[in-house]
>>> print(open('run-v3.cif').read())   # mmCIF, C-alpha atoms and all ligand atoms
data_query
loop_
_atom_site.label_atom_id
_atom_site.label_comp_id
_atom_site.auth_asym_id
_atom_site.auth_seq_id
_atom_site.Cartn_x
_atom_site.Cartn_y
_atom_site.Cartn_z
CA MET A 99 32.48 -105.06 -37.95
CA THR A 100 32.41 -101.27 -37.79
CA ASP A 101 29.03 -100.66 -39.31
CA MET A 102 27.83 -99.29 -35.99
CA LEU A 103 30.77 -97.10 -35.13
CA ILE A 104 29.99 -94.54 -32.44
CA TYR A 105 32.24 -91.64 -31.49
CA PRO A 106 31.47 -88.94 -28.92
CA LYS A 107 30.23 -85.62 -30.34
CA VAL A 108 33.49 -83.95 -29.36
CA THR A 109 32.42 -80.38 -30.07
CA ASP A 110 29.60 -80.68 -27.49
CA TYR A 111 31.95 -81.87 -24.76
CA ALA A 112 34.28 -78.99 -25.54
CA VAL A 113 31.64 -76.34 -24.70
CA PRO A 114 32.54 -75.86 -20.98
CA PHE A 115 36.20 -75.71 -21.92
CA PHE A 116 35.46 -73.08 -24.61
CA ILE A 117 33.58 -70.90 -22.11
CA LEU A 118 36.30 -71.20 -19.48
CA ALA A 119 39.03 -70.36 -21.99
CA ILE A 120 37.11 -67.28 -23.18
CA LEU A 121 36.73 -66.04 -19.58
CA ILE A 122 40.45 -66.55 -18.98
CA GLU A 123 41.30 -64.65 -22.16
CA ILE A 124 39.05 -61.71 -21.19
CA ALA A 125 40.63 -61.61 -17.72
CA TRP A 126 44.13 -61.82 -19.20
CA ILE A 127 43.48 -58.92 -21.59
CA THR A 128 41.81 -56.84 -18.85
CA PHE A 129 44.63 -57.23 -16.34
CA LYS A 130 47.61 -57.31 -18.70
CA LYS A 131 46.17 -54.56 -20.95
CA ARG A 132 47.49 -56.39 -24.02
CA GLY A 133 46.99 -59.60 -25.96
CA GLY A 134 43.83 -58.69 -27.83
CA ARG A 135 40.53 -56.83 -27.78
CA TYR A 136 37.00 -57.76 -26.80
CA GLU A 137 33.80 -55.91 -27.60
CA THR A 138 30.59 -57.13 -26.00
CA ARG A 139 28.23 -57.02 -29.00
CA ASP A 140 30.85 -58.40 -31.37
CA ALA A 141 31.69 -61.28 -29.05
CA MET A 142 28.03 -62.06 -28.30
CA THR A 143 27.31 -62.14 -32.04
CA SER A 144 30.18 -64.59 -32.50
CA LEU A 145 28.83 -66.78 -29.69
CA PHE A 146 25.30 -66.72 -31.15
CA MET A 147 26.76 -67.73 -34.51
CA GLY A 148 28.39 -70.67 -32.76
CA VAL A 149 25.12 -71.74 -31.14
CA GLY A 150 23.25 -71.32 -34.44
CA SER A 151 25.85 -73.42 -36.19
CA VAL A 152 25.24 -76.29 -33.76
CA VAL A 153 21.47 -75.93 -34.25
CA SER A 154 21.91 -75.93 -38.02
CA GLY A 155 23.95 -79.13 -37.65
CA ILE A 156 21.10 -80.75 -35.72
CA LEU A 157 18.53 -79.63 -38.32
CA LEU A 158 20.49 -80.21 -41.54
CA GLY A 159 23.18 -82.68 -40.53
CA PHE A 160 21.09 -85.61 -41.77
CA ILE A 161 21.62 -84.51 -45.40
CA ALA A 162 25.40 -84.96 -45.30
CA TRP A 163 25.04 -88.02 -43.08
CA ASN A 164 22.72 -89.82 -45.52
CA PHE A 165 25.04 -88.92 -48.39
CA PHE A 166 28.01 -90.37 -46.48
CA MET A 167 26.12 -93.54 -45.53
CA PHE A 168 25.17 -94.00 -49.19
CA LEU A 169 28.87 -93.81 -50.14
CA TRP A 170 29.69 -96.22 -47.33
CA TRP A 171 27.14 -98.64 -48.73
CA LEU A 172 28.73 -98.25 -52.18
CA THR A 173 32.34 -98.83 -51.21
CA PRO A 174 33.70 -102.36 -50.89
CA ILE A 175 36.56 -101.15 -48.66
CA ASN A 176 36.46 -101.07 -44.87
CA LEU A 177 39.71 -100.02 -43.19
CA GLY A 178 38.38 -100.75 -39.70
CA ALA A 179 38.88 -98.49 -36.71
CA SER A 180 42.39 -99.05 -35.40
CA VAL A 181 44.26 -96.11 -33.90
CA LEU A 182 46.54 -95.97 -36.94
CA VAL A 183 43.54 -95.74 -39.28
CA VAL A 184 42.05 -92.92 -37.19
CA VAL A 185 45.36 -91.04 -37.32
CA ILE A 186 45.64 -91.44 -41.10
CA CYS A 187 42.01 -90.38 -41.43
CA PHE A 188 42.78 -87.26 -39.35
CA VAL A 189 45.71 -86.25 -41.56
CA LEU A 190 43.83 -86.89 -44.82
CA ASP A 191 40.77 -85.07 -43.48
CA ASP A 192 42.99 -82.09 -42.68
CA LEU A 193 44.03 -82.06 -46.34
CA ARG A 194 40.30 -82.17 -47.15
CA TYR A 195 39.82 -79.18 -44.81
CA TYR A 196 42.58 -77.23 -46.58
CA TRP A 197 40.84 -77.56 -49.95
CA VAL A 198 37.32 -76.90 -48.69
CA HIS A 199 38.66 -73.82 -46.91
CA ARG A 200 40.53 -72.68 -50.02
CA PHE A 201 37.34 -73.06 -52.10
CA GLY A 202 35.65 -71.18 -49.26
CA HIS A 203 37.69 -68.12 -50.15
CA ARG A 204 37.95 -68.51 -53.93
CA VAL A 205 34.45 -69.68 -54.92
CA ARG A 206 31.74 -67.21 -54.02
CA TRP A 207 29.09 -69.90 -53.48
CA VAL A 208 31.25 -71.39 -50.74
CA TRP A 209 32.39 -67.98 -49.51
CA ALA A 210 28.73 -67.06 -48.91
CA SER A 211 28.83 -69.62 -46.10
CA HIS A 212 32.38 -69.08 -44.86
CA VAL A 213 32.36 -65.25 -44.94
CA ASN A 214 30.70 -65.03 -41.55
CA HIS A 215 33.74 -66.60 -39.86
CA HIS A 216 35.67 -63.57 -41.14
CA SER A 217 33.02 -60.93 -40.54
CA SER A 218 34.33 -59.72 -37.17
CA GLN A 219 36.90 -56.93 -36.92
CA HIS A 220 38.15 -58.68 -33.80
CA TYR A 221 40.34 -61.71 -33.31
CA ASN A 222 39.84 -63.54 -30.06
CA LEU A 223 38.62 -66.94 -28.90
CA THR A 224 34.98 -66.02 -29.60
CA THR A 225 35.91 -65.47 -33.26
CA ALA A 226 36.69 -69.20 -33.45
CA LEU A 227 33.05 -69.93 -32.60
CA ARG A 228 31.71 -67.52 -35.26
CA GLN A 229 30.81 -70.47 -37.47
CA THR A 230 28.56 -70.78 -40.48
CA TRP A 231 24.92 -71.84 -40.43
CA THR A 232 24.76 -72.58 -44.13
CA GLY A 233 27.62 -75.01 -44.73
CA THR A 234 25.22 -77.71 -45.99
CA PHE A 235 24.13 -75.47 -48.90
CA THR A 236 27.68 -75.19 -50.24
CA LEU A 237 27.62 -78.96 -51.02
CA MET A 238 31.24 -79.14 -49.90
CA MET A 239 30.47 -82.50 -48.28
CA VAL A 240 31.41 -83.99 -51.67
CA VAL A 241 35.05 -83.25 -50.85
CA ARG A 242 34.76 -85.82 -48.05
CA ALA A 243 33.53 -88.47 -50.49
CA PRO A 244 37.01 -89.85 -51.38
CA LEU A 245 37.75 -90.50 -47.70
CA ILE A 246 34.64 -92.62 -47.27
CA LEU A 247 35.11 -94.40 -50.59
CA LEU A 248 38.66 -95.22 -49.43
CA GLY A 249 37.15 -97.11 -46.50
CA PHE A 250 37.10 -94.63 -43.60
CA HIS A 251 33.79 -94.97 -41.78
CA PRO A 252 31.56 -91.82 -41.95
CA ALA A 253 31.38 -91.63 -38.15
CA MET A 254 35.18 -91.59 -38.01
CA VAL A 255 35.38 -88.94 -40.72
CA LEU A 256 32.97 -86.70 -38.77
CA PHE A 257 34.82 -87.41 -35.52
CA VAL A 258 38.22 -86.34 -36.88
CA GLY A 259 36.55 -83.30 -38.47
CA GLY A 260 35.24 -82.33 -35.02
CA VAL A 261 38.69 -82.75 -33.48
CA ASN A 262 40.06 -80.57 -36.28
CA LEU A 263 37.62 -77.75 -35.41
CA ILE A 264 38.45 -78.04 -31.71
CA TYR A 265 42.15 -77.72 -32.52
CA GLN A 266 41.41 -74.49 -34.36
CA PHE A 267 39.75 -72.94 -31.31
CA TRP A 268 42.90 -72.02 -29.39
CA ILE A 269 44.68 -70.46 -32.38
CA HIS A 270 42.13 -67.62 -32.52
CA THR A 271 44.01 -65.42 -30.09
CA GLU A 272 46.39 -62.49 -29.98
CA ALA A 273 47.49 -63.45 -26.46
CA ILE A 274 50.01 -65.96 -27.84
CA ASP A 275 52.75 -64.46 -30.00
CA LYS A 276 54.80 -67.30 -31.49
CA MET A 277 55.08 -70.98 -30.58
CA PRO A 278 58.45 -72.82 -30.63
CA ARG A 279 60.11 -72.88 -34.06
CA TRP A 280 59.53 -76.58 -34.78
CA PHE A 281 55.85 -76.18 -33.91
CA GLU A 282 55.40 -73.12 -36.15
CA ALA A 283 57.04 -75.10 -38.98
CA VAL A 284 54.54 -77.97 -38.93
CA MET A 285 51.38 -76.86 -37.15
CA ASN A 286 48.81 -74.14 -37.70
CA THR A 287 49.36 -71.57 -34.93
CA PRO A 288 47.87 -68.30 -33.65
CA SER A 289 50.46 -66.43 -35.71
CA HIS A 290 49.69 -68.28 -38.98
CA HIS A 291 45.95 -68.03 -38.50
CA ARG A 292 46.04 -64.30 -37.62
CA VAL A 293 47.44 -63.85 -41.12
CA HIS A 294 44.48 -65.81 -42.51
CA HIS A 295 42.05 -63.39 -40.82
CA GLY A 296 43.86 -60.29 -42.13
CA ARG A 297 42.41 -57.81 -44.62
CA ASN A 298 45.83 -56.28 -45.32
CA PRO A 299 46.67 -56.85 -49.01
CA ARG A 300 49.75 -58.79 -47.92
CA TYR A 301 47.70 -61.32 -46.00
CA LEU A 302 44.81 -61.94 -48.44
CA ASP A 303 44.15 -65.54 -49.57
CA ALA A 304 46.79 -67.08 -47.32
CA ASN A 305 47.13 -69.83 -44.71
CA TYR A 306 44.05 -71.98 -45.34
CA ALA A 307 45.35 -74.73 -43.04
CA GLY A 308 43.26 -76.37 -40.35
CA VAL A 309 45.76 -78.27 -38.19
CA PHE A 310 48.91 -78.72 -40.30
CA ILE A 311 50.40 -75.61 -41.94
CA ILE A 312 52.39 -77.86 -44.28
CA TRP A 313 49.52 -77.89 -46.84
CA ASP A 314 49.92 -74.14 -47.39
CA LYS A 315 53.65 -74.58 -47.83
CA MET A 316 53.05 -77.44 -50.29
CA PHE A 317 50.44 -75.62 -52.36
CA GLY A 318 52.03 -72.15 -52.30
CA THR A 319 49.56 -70.25 -50.11
CA PHE A 320 51.74 -69.76 -47.03
CA VAL A 321 52.43 -66.20 -45.82
CA PRO A 322 54.22 -65.68 -42.50
CA GLU A 323 53.12 -62.99 -40.05
CA VAL A 324 55.45 -60.08 -40.75
CA GLU A 325 56.92 -58.37 -37.69
CA ASP A 326 56.29 -54.78 -38.80
CA GLU A 327 52.86 -55.29 -40.38
CA LYS A 328 50.17 -55.73 -37.77
CA VAL A 329 47.17 -57.75 -38.95
CA ASP A 330 44.02 -55.72 -39.60
CA TYR A 331 41.17 -58.17 -38.96
CA GLY A 332 37.92 -58.45 -40.86
CA LEU A 333 36.62 -58.20 -44.40
CA ILE A 334 37.68 -55.95 -47.26
CA HIS A 335 34.15 -54.51 -46.99
CA ASN A 336 33.35 -54.79 -43.29
CA ILE A 337 29.72 -55.43 -42.42
CA GLY A 338 27.69 -52.97 -40.34
CA THR A 339 25.44 -55.31 -38.36
CA PHE A 340 25.59 -57.40 -35.19
CA ASN A 341 22.34 -59.19 -36.09
CA PRO A 342 23.21 -62.92 -36.33
CA ILE A 343 20.56 -63.53 -39.02
CA ARG A 344 22.06 -60.84 -41.22
CA VAL A 345 25.59 -62.07 -40.49
CA ALA A 346 24.59 -65.61 -41.48
CA PHE A 347 22.80 -64.80 -44.73
CA HIS A 348 24.13 -61.50 -46.10
CA GLU A 349 26.32 -62.95 -48.85
CA TRP A 350 23.58 -65.34 -50.00
CA VAL A 351 21.28 -62.31 -50.30
CA ALA A 352 24.01 -60.49 -52.23
CA ILE A 353 24.33 -63.41 -54.69
CA TRP A 354 20.57 -63.46 -55.16
CA ARG A 355 20.53 -59.71 -55.86
CA ASP A 356 23.41 -60.02 -58.30
CA TRP A 357 21.50 -62.74 -60.14
CA ARG A 358 18.45 -60.53 -60.44
CA GLN A 359 20.23 -57.66 -62.16
CA PRO A 360 18.64 -56.96 -65.55
CA GLY A 361 20.35 -58.13 -68.73
CA LEU A 362 22.36 -61.04 -67.33
CA THR A 363 23.10 -64.20 -69.29
CA TRP A 364 22.99 -67.58 -67.59
CA LYS A 365 26.76 -67.68 -67.91
CA ASP A 366 26.95 -64.44 -65.89
CA ARG A 367 24.77 -65.99 -63.20
CA TRP A 368 26.96 -69.09 -63.09
CA ASN A 369 30.03 -66.88 -62.76
CA TYR A 370 28.46 -64.88 -59.93
CA ALA A 371 28.28 -68.18 -58.04
CA VAL A 372 31.62 -69.78 -58.88
CA LYS A 373 34.09 -66.93 -59.51
CA PRO A 374 36.06 -65.49 -56.60
CA PRO A 375 34.24 -62.95 -54.38
CA GLY A 376 34.30 -59.49 -55.94
CA TRP A 377 33.85 -60.68 -59.55
CA ARG A 378 31.35 -58.66 -61.61
CA HIS A 379 29.93 -59.24 -65.09
CA ASP A 380 30.58 -55.60 -66.05
CA ASP A 381 34.30 -55.69 -65.16
CA LYS A 382 33.72 -53.12 -62.42
CA GLY A 383 34.44 -55.69 -59.76
CA GLY A 384 37.54 -56.10 -57.65
CA SER A 385 39.66 -59.06 -56.73
CA THR A 386 42.31 -59.83 -54.20
CA GLU A 387 44.89 -59.80 -57.03
CA LEU A 388 43.82 -56.27 -57.96
CA LEU A 389 44.08 -55.12 -54.33
CA LYS A 390 47.57 -56.60 -54.07
CA ARG A 391 48.61 -54.98 -57.38
CA ARG A 392 47.35 -51.57 -56.26
CA HIS A 393 49.06 -51.93 -52.92
CA VAL A 394 52.38 -52.73 -54.61
CA ALA A 395 51.92 -49.75 -56.94
CA ARG A 396 51.50 -47.48 -53.89
CA ASN A 397 54.28 -49.18 -51.91
CA PRO A 398 56.83 -50.47 -54.46
CA GLU A 399 59.23 -51.51 -51.68
CA VAL A 400 56.98 -54.45 -50.73
CA ALA A 401 57.25 -56.15 -54.15
CA GLY A 402 58.74 -59.62 -53.76
CA THR A 403 58.24 -59.74 -49.97
CA PRO A 404 55.89 -62.32 -48.32
CA GLY A 405 52.42 -62.16 -49.81
CA PHE A 406 53.72 -60.23 -52.83
CA GLU A 407 56.17 -62.77 -54.27
CA ASP A 408 54.54 -62.66 -57.71
CA TYR A 409 54.13 -58.88 -57.87
CA LYS A 410 56.56 -56.48 -59.52
CA ALA A 411 56.92 -52.81 -58.59
CA MET B 98 25.49 -85.03 -25.26
CA PRO B 99 21.78 -84.83 -24.37
CA LEU B 100 20.13 -81.56 -25.25
CA HIS B 101 18.76 -81.02 -21.73
CA ILE B 102 22.35 -80.71 -20.50
CA LEU B 103 23.89 -78.97 -23.53
CA ALA B 104 21.23 -76.25 -23.87
CA PRO B 105 21.30 -74.96 -20.24
CA MET B 106 25.09 -75.11 -20.29
CA VAL B 107 25.17 -72.91 -23.38
CA VAL B 108 22.67 -70.41 -21.96
CA VAL B 109 24.57 -70.11 -18.66
CA GLY B 110 27.84 -69.83 -20.58
CA LEU B 111 26.48 -66.98 -22.73
CA LEU B 112 25.23 -65.12 -19.65
CA ILE B 113 28.54 -65.48 -17.83
CA ALA B 114 30.48 -64.33 -20.92
CA TRP B 115 28.16 -61.32 -21.30
CA GLY B 116 28.45 -60.40 -17.61
CA THR B 117 32.22 -60.73 -17.67
CA MET B 118 32.53 -58.43 -20.67
CA ARG B 119 30.26 -55.82 -19.05
CA TRP B 120 32.42 -56.03 -15.93
CA ALA B 121 35.63 -55.77 -17.93
CA GLY B 122 34.41 -52.59 -19.67
CA CYS B 123 34.14 -54.08 -23.17
CA SER B 124 30.88 -52.28 -23.99
CA ARG B 125 32.24 -48.84 -24.87
CA ASP B 126 31.61 -47.20 -28.24
CA LEU B 127 34.17 -45.76 -30.58
CA HIS B 128 34.23 -41.96 -30.79
CA PHE B 129 36.09 -39.95 -33.39
CA THR B 130 37.74 -37.32 -31.21
CA THR B 131 39.09 -35.16 -34.04
CA VAL B 132 38.98 -34.89 -37.82
CA GLU B 133 42.45 -36.43 -37.89
CA ASP B 134 41.17 -39.36 -35.83
CA ALA B 135 38.31 -39.91 -38.28
CA ARG B 136 40.78 -39.65 -41.18
CA LEU B 137 42.94 -42.44 -39.72
CA HIS B 138 39.88 -44.64 -39.27
CA TRP B 139 38.82 -43.96 -42.84
CA LEU B 140 42.27 -44.84 -44.20
CA ARG B 141 42.14 -48.18 -42.40
CA HIS B 142 39.12 -49.05 -44.54
CA ARG B 143 40.33 -47.47 -47.79
CA PRO B 144 44.11 -46.95 -47.68
CA GLY B 145 44.20 -45.69 -51.27
CA ALA B 146 41.42 -43.08 -51.03
CA LYS B 147 42.73 -39.85 -49.49
CA PRO B 148 39.88 -37.80 -47.97
CA ARG B 149 39.33 -34.33 -49.45
CA ASP B 150 36.99 -33.22 -46.72
CA ILE B 151 35.72 -34.64 -43.42
CA ILE B 152 32.90 -33.44 -41.16
CA VAL B 153 32.69 -35.13 -37.77
CA ALA B 154 29.32 -35.15 -35.97
CA SER B 155 29.42 -33.35 -32.62
CA ASP B 156 28.74 -36.59 -30.71
CA GLY B 157 31.81 -38.09 -32.37
CA ARG B 158 30.04 -41.21 -33.55
CA ALA B 159 29.80 -40.48 -37.27
CA ALA B 160 31.55 -38.52 -40.00
CA LEU B 161 30.93 -37.52 -43.59
CA VAL B 162 33.98 -38.29 -45.71
CA GLU B 163 34.45 -36.95 -49.23
CA VAL B 164 36.88 -38.77 -51.50
CA ALA B 165 37.38 -38.94 -55.28
CA SER B 166 34.76 -41.69 -55.56
CA GLY B 167 32.12 -39.58 -53.82
CA LEU B 168 30.61 -39.04 -50.39
CA TRP B 169 30.78 -41.72 -47.69
CA LEU B 170 29.55 -42.27 -44.16
CA LEU B 171 32.08 -43.36 -41.55
CA ARG B 172 30.43 -44.43 -38.34
CA SER B 173 31.28 -46.02 -35.05
CA PHE B 174 30.40 -49.73 -34.84
CA GLY B 175 31.09 -51.09 -31.38
CA ILE B 176 34.70 -50.08 -30.70
CA ASP B 177 35.39 -50.34 -34.43
CA SER B 178 34.08 -48.44 -37.41
CA VAL B 179 32.37 -49.15 -40.72
CA ILE B 180 31.95 -47.13 -43.90
CA HIS B 181 29.12 -46.85 -46.38
CA HIS B 182 28.70 -45.13 -49.74
CA LEU B 183 25.96 -42.48 -49.69
CA ASP B 184 24.99 -42.60 -53.39
CA GLN B 185 21.75 -44.51 -52.81
CA ALA B 186 21.12 -43.72 -49.14
CA GLN B 187 17.51 -42.98 -48.15
CA LEU B 188 17.36 -40.01 -45.78
CA THR B 189 14.75 -39.82 -43.05
CA PRO B 190 14.89 -36.89 -40.64
CA VAL B 191 14.28 -37.98 -37.04
CA ASN B 192 14.09 -36.08 -33.78
CA GLN B 193 17.77 -36.13 -32.99
CA GLY B 194 19.37 -36.32 -36.39
CA LEU B 195 19.00 -38.50 -39.45
CA THR B 196 18.34 -42.10 -40.29
CA LEU B 197 20.16 -43.39 -43.36
CA GLY B 198 18.68 -46.42 -45.07
CA PHE B 199 20.82 -48.60 -47.31
CA GLN B 200 20.11 -51.35 -49.85
CA GLU B 201 22.70 -53.72 -48.41
CA TYR B 202 21.44 -56.59 -46.27
CA ASP B 203 24.63 -56.49 -44.16
CA ASP B 204 24.20 -52.80 -43.23
CA PRO B 205 20.52 -51.86 -43.58
CA LYS B 206 20.47 -48.56 -41.72
CA ALA B 207 22.39 -46.12 -39.60
CA LYS B 208 20.96 -43.72 -37.04
CA ILE B 209 23.08 -40.59 -36.87
CA THR B 210 22.67 -38.27 -33.90
CA LEU B 211 23.02 -34.64 -34.98
CA THR B 212 22.09 -31.18 -33.72
CA PRO B 213 19.43 -29.48 -35.87
CA GLU B 214 22.10 -27.27 -37.49
CA GLU B 215 24.31 -30.28 -38.22
CA ALA B 216 21.35 -32.21 -39.61
CA ASP B 217 20.73 -29.41 -42.14
CA ILE B 218 24.36 -29.41 -43.25
CA TRP B 219 24.49 -33.20 -43.54
CA ARG B 220 21.22 -33.36 -45.47
CA ASP B 221 22.32 -30.66 -47.91
CA ARG B 222 25.68 -32.31 -48.49
CA ILE B 223 24.18 -35.75 -49.08
CA LYS B 224 21.37 -34.43 -51.31
CA ALA B 225 23.82 -32.37 -53.37
CA HIS B 226 26.09 -35.37 -53.78
CA GLN B 227 23.23 -37.64 -54.83
CA GLN B 228 22.10 -35.02 -57.38
CA GLU B 229 25.64 -34.84 -58.77
CA SER B 230 26.09 -38.59 -59.08
CA ARG B 231 22.73 -38.86 -60.88
CA ASN B 232 23.87 -36.23 -63.38
CA ASP B 233 27.13 -38.08 -64.10
ZN ZN A 501 38.81 -68.57 -43.88
ZN ZN A 502 39.57 -68.59 -38.15
#
>>> encode(input="run-v3.cif", output="structure tokens")
Amino acid sequence: MTDMLIYPKVTDYAVPFFILAILIEIAWITFKKRGGRYETRDAMTSLFMGVGSVVSGILLGFIAWNFFMFLWWLTPINLGASVLVVVICFVLDDLRYYWVHRFGHRVRWVWASHVNHHSSQHYNLTTALRQTWTGTFTLMMVVRAPLILLGFHPAMVLFVGGVNLIYQFWIHTEAIDKMPRWFEAVMNTPSHHRVHHGRNPRYLDANYAGVFIIWDKMFGTFVPEVEDEKVDYGLIHNIGTFNPIRVAFHEWVAIWRDWRQPGLTWKDRWNYAVKPPGWRHDDKGGSTELLKRRHVARNPEVAGTPGFEDYKA
Amino acid sequence: MPLHILAPMVVVGLLIAWGTMRWAGCSRDLHFTTVEDARLHWLRHRPGAKPRDIIVASDGRAALVEVASGLWLLRSFGIDSVIHHLDQAQLTPVNQGLTLGFQEYDDPKAKITLTPEEADIWRDRIKAHQQESRND
């Protein structure tokens, strides 16, 4: 019955709301003189990344779609489209998001796509729209396969994924400090997601959640925003360009250049693609663990505190 | 949503956002007012690498920073800053300073405005450093 399931393209309908919210945030910061920072070129780059991401979806979306429809053809299960099924699909898809996002930070091939979401030194509503153009190349659509094989229609899976992204828009702000306690306990919030965008050693590789923060608590990646440690936004090596093309492709170019170094084995090349960002074949590379270890060595008092639970002074 | 509605909406939205930011004064550049100021910016990027020596360009938009790992450029990037190692930098003298070319795709070049005297000092420092690191 649901072979022709049609849902609105929710991200498109959200565009006027996104623009309005950004204008309100700029006005708020300008008049209140707090609650965040805006810089014209940075914000425009983020917005162009958002537009490019939509264009890339139009151009390359058919690849994932055909893959999903193939799986749908394979599976004998059809759960239908009741409200309950949509809700369950939303929750399971958020778990899917958690893992894709975690791979996005721990597997360089996926990071090459996701890095651009983190490439701004700012954190405001435009940062939410700084989305990848190259998601299709990561092949992370396979993580959605179980959902479709379980009988959730591909259109529904894409719909709840869109709602998930829209939810994440409003949490990209410094204008909101903390939400009510019960909300912070269950949901991803501006505070939790600020941590995720931090380059402070304490905040590295934390809070991968999309909508529900409970996944991070379940899988041991939750770090709360610490009162006396302000988040420093951006990358460990911040990029020096506002050019959207360079922002979109720089890590792919870096992988390519790493592959072309003389004297590499095929195993080295494989590792350059699948090891965490920073890995090098000559052991000269860094890692988030190394950064945390060094930070604890310099500041022994932080050992055992959030983000450094496993580190000894 | 049909493209003939979505596309104009996006273009108008981008223009309004741009205009609003211009109006709100979001288009200023970062300037390093003092050596101490540049030092604090450097330490944000590399908390563990204490600078031994810092020269700030007279326009305040760039600085040479020497640390144990060598000579680095710290430069203003919007209202933020970025750093770059100068080991492999290609120097090109230009009318009002130097252009530094880098290998990295995410930071291909930096135009540094310098007085002629400053440009000489910067060039000598960078050249000397590159000579040293080749000898190592
Ligand atoms: Zn992320
Ligand atoms: Zn984010």
>>> residues_near_ligand(input="run-v3.cif", ligand="ligand ZN 501 (chain A)", cutoff="10 Å", atoms="all atoms listed in the file", output="list in words")
Tyr196, Val198, His199, Arg200, Phe201, Gly202, His203, Trp209, His212, Val213, Asn214, His215, His216, His291, His294, His295, Gly296, Asp303, Ala304, Asn305, Tyr306, Ala307 and Gly308 of chain A
>>> closest_residue(input="run-v3.cif", among="A:Ala352, A:Ile311, A:Ala371, A:Val324", to="chain B", atoms="only C-alpha atoms")
A:Ala352
>>> interface_residues(input="run-v3.cif", of="chain B", to="chain A", cutoff="10 Å", atoms="only C-alpha atoms", output="JSON, numbers by chain")
{"B": [98, 99, 100, 103, 104, 106, 107, 108, 109, 110, 111, 112, 113, 114, 115, 116, 117, 118, 119, 120, 121, 122, 123, 124, 125, 126, 141, 142, 143, 144, 145, 172, 173, 174, 175, 176, 177, 178, 179, 180, 181, 201, 202, 203, 204, 205, 206, 207]}
>>> residues_around(input="run-v3.cif", residues="Val309 (chain A)", least_positions_apart="4", cutoff="7 Å", atoms="only C-alpha atoms", output="PyMOL selection string")
chain A and resi 192+262+265-266+285-286
>>> closest_residue(input="run-v3.cif", among="A:Phe160, A:Tyr301, A:Trp354, A:Trp377", to="Ser289 (chain A)", atoms="all atoms listed in the file")
A:Tyr301
>>> closest_residue(input="run-v3.cif", among="A:Gly361, A:Pro252, A:Gly260, A:Gly332", to="ligand ZN 502 (chain A)", atoms="all atoms listed in the file")
A:Gly332
>>> atom_distance(input="run-v3.cif", atom1="CA of Ala162 (chain A)", atom2="CA of Ala243 (chain A)")
10.3 Å
>>> residues_around(input="run-v3.cif", residues="Pro244 (chain A)", least_positions_apart="2", cutoff="12 Å", atoms="all atoms listed in the file", output="list of chain:residue names")
A:Phe166, A:Leu169, A:Trp170, A:Leu172, A:Thr173, A:Ile175, A:Cys187, A:Leu190, A:Asp191, A:Leu193, A:Arg194, A:Met239, A:Val240, A:Val241, A:Arg242, A:Ile246, A:Leu247, A:Leu248, A:Gly249, A:Phe250, A:His251, A:Pro252, A:Val255
>>> atom_distance(input="run-v3.cif", atom1="CA of Ala159 (chain B)", atom2="CA of Thr196 (chain B)")
12.0 Å
>>> atom_distance(input="run-v3.cif", atom1="CA of Ala401 (chain A)", atom2="CA of Asp314 (chain A)")
20.6 Å
>>> residues_around(input="run-v3.cif", residues="Ile152 (chain B)", least_positions_apart="4", cutoff="8 Å", atoms="only C-alpha atoms", output="ChimeraX atom specification")
/B:132,160-162
>>> residues_near_point(input="run-v3.cif", point="(37.8, -41.6, -55.5)", cutoff="12 Å", atoms="all atoms listed in the file", output="JSON, numbers by chain")
{"B": [143, 144, 145, 146, 147, 148, 149, 162, 163, 164, 165, 166, 167, 168, 169, 182]}
>>> residues_around(input="run-v3.cif", residues="Asn369 (chain A)", least_positions_apart="2", cutoff="12 Å", atoms="only C-alpha atoms", output="list in words")
Arg204, Val205, Arg206, Trp207, Ile353, Asp356, Trp357, Leu362, Thr363, Trp364, Lys365, Asp366, Arg367, Ala371, Val372, Lys373, Pro374, Pro375, Gly376, Trp377, Arg378, His379 and Asp380 of chain A
>>> residues_around(input="run-v3.cif", residues="Thr130 (chain B)", least_positions_apart="4", cutoff="10 Å", atoms="all atoms listed in the file", output="ChimeraX atom specification")
/B:134-135,153-158
>>> closest_residue(input="run-v3.cif", among="A:Trp268, A:Lys315, A:Pro299, A:Ser154", to="Val400 (chain A)", atoms="only C-alpha atoms")
A:Pro299
